[in-house]
Amino acid sequence: MTPVIEVDRLEKSFGHKKALRGVNLKVFEGEFIVLFGPNGAGKTTLLKSISTLIRPTRGRILFKGKEIDDGSISLRETIGLVSHNTLLYEDLTAFENLLFYARMYGVPNPKQKIEELLHMVGLYHRKDDVVRTFSRGMLQRLTIARAILHDPPVLLLDEPYTGLDVQAMKILDDLLYNLKDGLRTFIMTSHDIQKGFEHATRLAILHSGEIVFDKKKEEISVLEFEEEFWKWVKEKEPVF
Amino acid sequence: MEVGKGKRAGFLRQVFYIVAKDFRAELRTKELFNSMFLFAMLALVIFNFSFAGKMPVRVLSGAMWVSFLFASVLGLNRSFVKEHEKGCIEGLLIAPCERSVIYFGKFLGNLLFIFLVELIALPLISIFFSRSEIFSKPFELAGILVLGSFAISAIGTILSAITVNTRTRELLLPILLFPLILPVLIASVEVTAYIFQPKGSIIQWLRLIGIYDIIFIIVPYLLFDYVVEE
């Protein structure tokens, strides 16, 4: 079976600093892989590389067996990204933001689709409000709506729970459960072991730019995984 | 659920969407247009007070273009800053479009704002400087305004994209832009002076602006991918 995404000996350096050191990862259709790792482990760099935002220094990324190159326009059509930033224009309303992205992606019946999504994320009543007036939780919900606007088969989520209150976390949980349909593939980075474990079908730990742990969820309990995670995080702590 | 459906919009359509998005945001805040327009007018008022009598045409066209250039810098400086707020540039970079779509969208948006400022400023210039003959050749004047502003926007947009990630972007943009735009500025002043008071030939100046416009629309098209790459 061809993986949806294959990361092959991926390296990325920023000047002298190596952010990724030969990452190998195969993600199959319908999988929900959660990448854990301490700050600076390379999680965001890996997601940015997969989403074509940054060019790898060495190695390859393959999408359904085809290498991602400069002209990966069709690949970008198949990816939805939730990053640290909202990617939303503060001077546009929620509806205008989604309409802009819907048009860029060529979403059919964009207005109807946007209304459906705004209902889904519970923001329909704020659709004509400019985004700068939204709370963090509302912004994150709108960000998810933006990311799934074009029904991407691959969803990349970079610490989507960061900064959310309990209610916003619940809404995000429900959204993710609704999106898990067995066809969509997820790669999510997280610091929250409970949340990550809850959603994952596969768990991985990225440490100092390398994948040091990669197992299916059924092969490990949450406690064992937590132990494993802390083992790697402690290893990163400086020794005085 | 069926995933990954949809038909991608074409190049020009995507460029239009970016222009429309910028225009809509600007209509709501008017922060860019207001500051550009006010700056242009203030510069013109200062020029007006500097000349006690009637200003010679060459000086008038020089004052016009210097004011328009200074006002443009304000708009160009903000052009990519807005895209970097909340990481919107990433949203554009992962959109299924050629990266040059982003350049052309921003370029056309900037050109539109510069041209609008010029159009509204012209009647006021005519009143301030008591020069009703400014409108004696409206098409020729519109032509040179478009050609000159085209170069300012084309060069300014790519430089704005280059400088946006630097801490001193407000300083760096004019420092890089002014030497590059100087030949076009001189040529535009010459052509505008000729429109107000025909004397000599302007073919070489028009040719210079034309060459600049072509070069600075092709070069960013080829380089923009590398400029926006992290």
# chains A, B, ... in the order shown; residues from 1 in each chain; ligands from 1
call {"tool": "residues_around", "arguments": {"residues": "A:Phe197", "least_positions_apart": "4", "cutoff": "8 Å", "atoms": "only C-alpha atoms", "output": "list in words"}}
result
Val34, Ile193, Leu203, Lys217 and Val222 of chain A
call {"tool": "closest_atom_pairs", "arguments": {"of": "chain A", "to": "chain B", "cutoff": "10 Å", "atoms": "only C-alpha atoms", "output": "Markdown table"}}
result
| residue | atom | partner | partner_atom | distance |
| --- | --- | --- | --- | --- |
| A:Phe14 | CA | B:Glu230 | CA | 9.4 |
| A:Lys48 | CA | B:Glu90 | CA | 9.5 |
| A:Ser51 | CA | B:Ile94 | CA | 6.8 |
| A:Thr52 | CA | B:Ile94 | CA | 6.9 |
| A:Leu53 | CA | B:Leu93 | CA | 6.6 |
| A:Ile54 | CA | B:Glu230 | CA | 5.6 |
| A:Arg55 | CA | B:Glu229 | CA | 7.6 |
| A:Asp70 | CA | B:Asp225 | CA | 8.9 |
| A:Gly71 | CA | B:Glu98 | CA | 7.9 |
| A:Ser72 | CA | B:Pro96 | CA | 8.2 |
| A:Ile73 | CA | B:Pro96 | CA | 4.8 |
| A:Ser74 | CA | B:Pro96 | CA | 6.4 |
| A:Leu75 | CA | B:Pro96 | CA | 7.7 |
| A:Arg76 | CA | B:Pro96 | CA | 5.2 |
| A:Glu77 | CA | B:Pro96 | CA | 5.3 |
| A:Thr78 | CA | B:Gly4 | CA | 5.7 |
| A:Ile79 | CA | B:Ile94 | CA | 8.1 |
| A:Gly80 | CA | B:Ile94 | CA | 8.6 |
| A:Leu81 | CA | B:Ile94 | CA | 8.2 |
| A:Val82 | CA | B:Gly91 | CA | 9.7 |
| A:Ser83 | CA | B:Gly87 | CA | 8.8 |
| A:His84 | CA | B:Gly87 | CA | 8.5 |
| A:Asn85 | CA | B:Lys86 | CA | 5.2 |
| A:Thr86 | CA | B:Lys86 | CA | 5.6 |
| A:Leu87 | CA | B:Cys88 | CA | 4.1 |
| A:Leu88 | CA | B:Cys88 | CA | 5.9 |
| A:Tyr89 | CA | B:Cys88 | CA | 6.7 |
| A:Glu90 | CA | B:Lys86 | CA | 8.1 |
| A:Asp91 | CA | B:Ala25 | CA | 5.4 |
| A:Leu92 | CA | B:Ala25 | CA | 5.8 |
| A:Thr93 | CA | B:Ala25 | CA | 9.2 |
| A:Glu96 | CA | B:Lys21 | CA | 8.2 |
| A:Asn97 | CA | B:Lys21 | CA | 8.5 |
| A:Leu99 | CA | B:Lys21 | CA | 9.6 |
| A:Phe100 | CA | B:Tyr17 | CA | 6.7 |
| A:Tyr101 | CA | B:Ala95 | CA | 7.9 |
| A:Ala102 | CA | B:Gly6 | CA | 9.6 |
| A:Arg103 | CA | B:Ala9 | CA | 7.0 |
| A:Met104 | CA | B:Gln14 | CA | 5.8 |
| A:Tyr105 | CA | B:Arg8 | CA | 5.5 |
| A:Gly106 | CA | B:Arg8 | CA | 4.4 |
| A:Val107 | CA | B:Gly6 | CA | 5.0 |
| A:Pro108 | CA | B:Gly6 | CA | 6.0 |
| A:Asn109 | CA | B:Gly6 | CA | 9.7 |
| A:Val130 | CA | B:Arg28 | CA | 9.6 |
| A:Arg146 | CA | B:Gly91 | CA | 9.5 |
| A:Ala147 | CA | B:Gly91 | CA | 9.3 |
| A:Ile148 | CA | B:Val3 | CA | 9.6 |
| A:Leu149 | CA | B:Gly4 | CA | 9.9 |
| A:His150 | CA | B:Gly4 | CA | 6.5 |
| A:Asp151 | CA | B:Val3 | CA | 4.9 |
| A:Pro152 | CA | B:Gly4 | CA | 4.7 |
| A:Pro153 | CA | B:Val3 | CA | 5.3 |
| A:Val154 | CA | B:Gly4 | CA | 8.6 |
| A:Leu179 | CA | B:Met1 | CA | 8.6 |
| A:Lys180 | CA | B:Met1 | CA | 9.5 |
| A:Asp181 | CA | B:Met1 | CA | 6.8 |
| A:Gly182 | CA | B:Met1 | CA | 9.1 |
| A:Leu183 | CA | B:Val3 | CA | 7.7 |
| A:Arg184 | CA | B:Val3 | CA | 7.3 |
call {"tool": "atom_distance", "arguments": {"atom1": "atom CA of A:Ile144", "atom2": "atom CA of A:Leu175"}}
result
8.4 Å
call {"tool": "residues_around", "arguments": {"residues": "A:Glu31", "least_positions_apart": "3", "cutoff": "9 Å", "atoms": "only C-alpha atoms", "output": "compact mmCIF listing (two decimals) with C-alpha atoms, in the first residue's frame"}}
result
# COMPACT_ATOMS: atom_id res chain seq x y z
CA VAL A 27 1.67 8.02 6.88
CA PHE A 28 -1.14 5.91 5.42
CA GLY A 182 -11.38 6.89 7.72
CA LEU A 183 -10.46 8.60 4.44
CA ARG A 184 -8.89 11.73 5.80
CA THR A 185 -5.30 11.56 7.02
CA PHE A 186 -4.14 13.64 9.99
CA ILE A 187 -0.74 14.67 11.22
CA ALA A 200 -4.32 9.24 17.63
CA THR A 201 -4.27 5.98 15.74
CA ARG A 202 -0.47 6.21 15.80
call {"tool": "atom_distance", "arguments": {"atom1": "atom CA of B:Val184", "atom2": "atom CA of B:Ile209"}}
result
5.5 Å
call {"tool": "atom_distance", "arguments": {"atom1": "atom CA of B:Leu177", "atom2": "atom CA of B:Ser201"}}
result
27.5 Å
call {"tool": "select_by_dssp", "arguments": {"residues": "stretch 2-133 of chain A", "states": "strand (DSSP E)", "output": "PyMOL selection string"}}
result
chain A and resi 5-14+17-27+32-36+58-63+66-67+79-82
call {"tool": "select_by_dssp", "arguments": {"residues": "stretch 161-229 of chain B", "states": "alpha helix (DSSP H)", "output": "PyMOL selection string"}}
result
chain B and resi 161-163+169-196+203-228
call {"tool": "residues_around", "arguments": {"residues": "B:Ser100", "least_positions_apart": "5", "cutoff": "8 Å", "atoms": "only C-alpha atoms", "output": "ChimeraX atom specification"}}
result
/B:220-222,224-225
